[in-house]
Structures are given as structure tokens and as C-alpha cells.
Amino acid sequence: MTTLQEDFLNYQAKTTPHPLGIEVKKAKGVYITDTSGKKYLDFIAGISVCSLGHCHSKVVTAIRKQIKKHMHVMVYGEFAQSAAVSLSKELIALLPDNQESVYLTNSGTEAVEGALKLAKKATGRNELIGAINSYHGSTHGSLSLLGSEHQKVGYRPLLPNTRFIRFNSENDLSYITNATAAVILETIQGGAGFILPQNDYLQKVKTRCQKVGALLILDEIQPGFGRTGTFFGFENFEVEPDIVVMGKGMGGGLPVGAFTASHKLMKLLENHPKLGHITTFGGNPVIAAACLATLREIRDSKLLTEISKKEALFRAELDHPKINSIQGKGLMLAPMLENAEIANLVVLKCIEKGLILFWLLWEKKALRISPPLTITEKEIKKGCAIIRSVLDEIS
């Protein structure tokens with residue numbers, strides 16, 4: 001009889017040649033338990049997904065309650081469903097006044113696709129601008145605006161008329177012209193090393209977009225839903241995007257995405273042609289119920305007020321001579337090591353010691369730290385002690 005890992009390797013498609021292969025039995029709070037009973041402290045939260053930790057009681061309760069009512073009926077077109085409508089209404093209340101309508105999708109990358117289509121429809125233009133070292137997903141439109149050429153090898157042709165600017169470079173703003181439909185940026189660049197915008201950069205991009213009639217799309221898929229200490233990451237930088245894209249931590253562990261815009265913009269998807277952007281499962285009531293429970297817990301609890309204190313504790317506990325700096329904000333942190341080899345070794349050795357860290361896409365000298373927002377001070381200290389012990393062992 002084959003083992004779970006053997007069947008995993010044989011039947012399930014992989015994204016790397018050497019997957020970690022941890023055999024998951026259960027997960028609760030900030031811990032994952034494998035089939036041998038070994039517990040792992042989770043410092044990545046499913047890549048910033050499990051914002052309230054694994055199997056949060058309020059999320060589970062909301063899912064169970066909704067399942068007893070109905071699961072899938074029809075999501076777009078004709079049926080109004082309480083979970084999705086309540087989610088949309090309460091989400092809009094947390095956004096700037098220019099955000100009035102929500103389009104719910106299955107994933108962040110699908111939300112990016114919808115946002116790009118909306119920008120082209122709204123402006124009548126087809127040039128799209130992204131940032132070097134950006135990441136917005138892996139579908140063809142998202143991949144076209146992904147800022148790493150290496151990742152695109154083998155998939156061309158992609159969308160035409162795409163250009164790239166350097167994140168935080170004011171000199172590159174002149175590339176945004178009256179031919180540009182939209183500029184799409186991560187509020188905080190994720191794969192590049194959790195890079196923060198500097199010197200009012202996002203405001204300057206918005207000003208340039210307004211001057212030439214382009215739209216600003218901000219990708220909040222990772223920094224959104226409380227990860228930086230504000231509900232949305234862009235709130236830290238005093239900018240109001242035209243379109244907001246979100247996902248990951250929005251679902252409390254279930255797959256979801258969304259993009260928001262004004263009524264004027266969103267109505268463009270209704271006609272010429274009708275069904276301008278459609279989805280079979282976006283707005284699924286079970287997932288919407290999980291999202292709504294997640295939103296309310298982040299909004300109504302003390303979690304947001306605790307993020308800065310937890311960030312400060314991480315920075316203090318990771319004061320180590322082998323850590324050159326710590327990039328990022330809130331619970332979206334990237335300790336920078338001397339080189340990629342050391343970073344790789346630290347990740348693997350920490351996993352051996354029961355701490356799950358991970359890598360970033362493009363910045364290989366970095367460690368990914370993006371734990372559940374619910375992590376306690378005791379758990380932060382425990383995980384950081386493991387990281388320090390591993391660094392001490394490395395010569």
C-alpha cells in the first residue's frame with residue numbers, strides 16, 4: 001500500500017522539482033500537525049492567507065451555518081444572496097468613497113484579470129504598465145504584468161502593449177502617458193522583498209495617472225485585510241486607487257478574490273457586451289460567509305491595534321548579526337540575510353526544528369515571515385528563538 005507522500009508525488013502536479021512534502025494531518029490556530037504527530041509553528045499562514053489562523057472558530061461556524069442554508073445556486077446574473085451582499089456592503093464601508101461596487105472572484109489572479117479588463121474598457125486604451133519585480137498572479141493577463149522576465153519564458157505571446165517601470169522611481173513616471181489604460185502596482189512589493197513605497201511614491205503615481213487619464217490599480221492581495229496594521233495597506237500611504245484588487249487573507253483560509261471600483265466604472269461590465277466579465281463561482285455563498293466572518297473579526301476585534309506591537313517584537317527578537325535588515329511592515333516581514341544559500345538553509349533547518357518559514361519569489365536572500373494576525377507574543381518569541389538558533393549553527 002502506498003503512503004500519502006508517495007501518492008502526492010505520483011498523482012498531484014507540483015510547482016517545483018523538490019516539494020517540502022509535509023504530510024498534513026490537521027491545522028489549528030498557528031500550528032500545523034503532520035501525520036507523525038509533529039507540530040509546526042506556522043510563520044507563513046499559507047502565504048498570508050490564514051489571517052485568523054487555521055480553522056478559526058468564527059469562520060468555521062459561519063461556513064457551517066451557510067452550508068445548512070444553501071451552497072451553490074447561481075452567483076452572478078439573477079440571484080441576490082445574503083452572504084455575498086452583506087460582504088460587499090461591509091467591504092465597501094471600509095474603502096475610500098470612490099470605491100462603491102465589489103466584483104467577487106475565485107482568486108486574486110482572477111481579480112487582477114477583471115481589473116485589467118475594466119481599465120481597458122473604461123479608458124478605451126490598451127497599454128498597461130506594471131513594475132519590475134512585481135507579482136500579480138500566474139494567469140496570462142497577470143503574467144503579462146509580472147515583472148520578472150525569467151518567469152515568462154515558455155509562455156509567450158502574452159498581452160501586447162505592456163511596459164514596466166521601477167518601483168519607487170520618480171524618473172519612470174514619464175512612461176505613464178495618454179496611451180496608458182492603467183498602472184498596476186502592489187501596494188507593497190511582495191516577491192521583490194516586501195518593498196515599501198517611499199517618498200509619497202504611490203501618491204505621485206496617482207497624480208501622474210490623473211494627469212494623463214490613466215487608472216491606478218493597487219494590488220492589495222497580500223497587504224490587505226489587516227496585514228500591515230490598517231485594514232488595507234494603501235491606508236498607510238494616503239492614496240486612493242481607482243481600482244482595488246484583493247484576495248488571500250480575505251477568505252480566512254478559503255479561496256477568494258475581489259476587485260472594487262466606482263459604480264460608474266463597474267457598470268461598464270454590464271453592457272457592450274453584456275457579461276463583460278463573468279464567473280461561475282465568484283461570490284459563492286459558503287466562501288462569502290467565511291469572508292464576512294473574517295472581515296468582521298479583523299474589523300471589530302483588537303487585532304489591528306496589536307499589529308505594530310507584534311512587528312516591533314519580531315524586529316527585536318530577530319536582532320542577530322547574520323540578519324542585515326528586516327524589510328516590510330506589520331506582519332509582512334522579510335529578514336535579509338547575506339546570500340540566497342544561507343536563506344535557503346535557514347528555511348530548511350527551521351522546518352526541521354518545527355518552524356515553517358518560506359522563500360520569496362524574486363529576492364532569494366530573504367526569509368518570508370507572514371504569520372496569522374492572531375499570533376501571540378509567546379509564539380513570536382518561540383519562533384524567533386528557533387531562527388536565532390539556526391543562524392547560530394551556520395558558520
# chains A, B, ... in the order shown; residues from 1 in each chain; ligands from 1
call {"tool": "residues_around", "arguments": {"residues": "range 3-18 of chain A", "least_positions_apart": "5", "cutoff": "10 Å", "atoms": "only C-alpha atoms", "output": "PyMOL selection string"}}
result
chain A and resi 23-24+35
call {"tool": "write_last_selection", "arguments": {"atoms": "C-alpha atoms", "output": "PDB file, in the first residue's frame"}}
result
ATOM      1  CA  GLU A  23       2.086  15.303   5.296  1.00  0.00           C
ATOM      2  CA  VAL A  24      -0.601  17.459   6.890  1.00  0.00           C
ATOM      3  CA  THR A  35       0.739  12.598  10.156  1.00  0.00           C
TER       4      THR A  35
END
call {"tool": "residues_around", "arguments": {"residues": "range 355-370 of chain A", "least_positions_apart": "2", "cutoff": "7 Å", "atoms": "only C-alpha atoms", "output": "ChimeraX atom specification"}}
result
/A:40-45,47-48,133,191-193,331-340,343,347,350-351,353,372,383
call {"tool": "atom_distance", "arguments": {"atom1": "CA of Ile129 in chain A", "atom2": "CA of Pro255 in chain A"}}
result
27.0 Å
call {"tool": "select_by_dssp", "arguments": {"residues": "range 120-295 of chain A", "states": "alpha helix (DSSP H)", "output": "PyMOL selection string"}}
result
chain A and resi 120-123+140-144+201-212+263-266+285-295
call {"tool": "residues_around", "arguments": {"residues": "Lys26 in chain A", "least_positions_apart": "3", "cutoff": "10 Å", "atoms": "only C-alpha atoms", "output": "ChimeraX atom specification"}}
result
/A:23,31-35,37,39,54-55
call {"tool": "residues_around", "arguments": {"residues": "Arg125 in chain A", "least_positions_apart": "2", "cutoff": "8 Å", "atoms": "only C-alpha atoms", "output": "PyMOL selection string"}}
result
chain A and resi 120-121+123+127+179-181
call {"tool": "write_last_selection", "arguments": {"atoms": "C-alpha atoms", "output": "short mmCIF file (atom, residue, chain, number, x, y, z; two decimals), in the first residue's frame"}}
result
data_model
loop_
_atom_site.label_atom_id
_atom_site.label_comp_id
_atom_site.auth_asym_id
_atom_site.auth_seq_id
_atom_site.Cartn_x
_atom_site.Cartn_y
_atom_site.Cartn_z
CA LYS A 120 -9.12 48.91 -20.82
CA LYS A 121 -12.89 49.19 -21.20
CA THR A 123 -10.26 54.23 -20.98
CA GLU A 127 -1.34 49.95 -22.83
CA ALA A 179 -1.72 55.96 -24.24
CA THR A 180 -1.81 54.22 -20.85
CA ALA A 181 -5.00 52.49 -19.72
#
call {"tool": "atom_distance", "arguments": {"atom1": "CA of Asn98 in chain A", "atom2": "CA of Ala261 in chain A"}}
result
6.9 Å
call {"tool": "closest_atom_pairs", "arguments": {"of": "range 63-155 of chain A", "to": "range 247-251 of chain A", "cutoff": "9 Å", "atoms": "only C-alpha atoms", "output": "JSON lines"}}
result
{"residue": "A:Thr105", "atom": "CA", "partner": "A:Gly247", "partner_atom": "CA", "distance": 8.8}
{"residue": "A:Asn106", "atom": "CA", "partner": "A:Gly247", "partner_atom": "CA", "distance": 8.7}
{"residue": "A:Ser107", "atom": "CA", "partner": "A:Gly247", "partner_atom": "CA", "distance": 6.2}
{"residue": "A:Gly108", "atom": "CA", "partner": "A:Gly247", "partner_atom": "CA", "distance": 4.8}
{"residue": "A:Thr109", "atom": "CA", "partner": "A:Gly247", "partner_atom": "CA", "distance": 8.5}
{"residue": "A:Ala111", "atom": "CA", "partner": "A:Gly247", "partner_atom": "CA", "distance": 8.0}
call {"tool": "closest_atom_pairs", "arguments": {"of": "range 155-245 of chain A", "to": "range 295-318 of chain A", "cutoff": "9 Å", "atoms": "only C-alpha atoms", "output": "CSV"}}
result
residue,atom,partner,partner_atom,distance
A:Phe225,CA,A:Ile298,CA,7.3
A:Gly226,CA,A:Leu304,CA,6.1
A:Arg227,CA,A:Ile307,CA,7.7
A:Thr228,CA,A:Ile307,CA,7.0
A:Gly229,CA,A:Leu304,CA,5.0
A:Thr230,CA,A:Leu304,CA,6.3
A:Phe231,CA,A:Leu304,CA,7.4
call {"tool": "write_last_selection", "arguments": {"atoms": "N, CA and C atoms", "output": "compact mmCIF listing (two decimals), in the first residue's frame"}}
result
# COMPACT_ATOMS: atom_id res chain seq x y z
N PHE A 225 -6.49 43.25 4.26
CA PHE A 225 -7.13 42.53 5.36
C PHE A 225 -6.24 42.46 6.61
N GLY A 226 -5.68 43.64 6.94
CA GLY A 226 -5.06 43.82 8.24
C GLY A 226 -3.59 43.50 8.37
N ARG A 227 -2.97 42.99 7.34
CA ARG A 227 -1.60 42.50 7.49
C ARG A 227 -0.61 43.59 7.88
N THR A 228 -0.86 44.82 7.48
CA THR A 228 0.10 45.90 7.79
C THR A 228 -0.31 46.71 9.02
N GLY A 229 -1.46 46.40 9.62
CA GLY A 229 -1.92 47.16 10.77
C GLY A 229 -3.06 48.11 10.45
N THR A 230 -3.31 48.33 9.16
CA THR A 230 -4.53 49.00 8.70
C THR A 230 -5.29 47.99 7.89
N PHE A 231 -6.59 48.22 7.69
CA PHE A 231 -7.36 47.19 7.01
C PHE A 231 -6.81 46.95 5.60
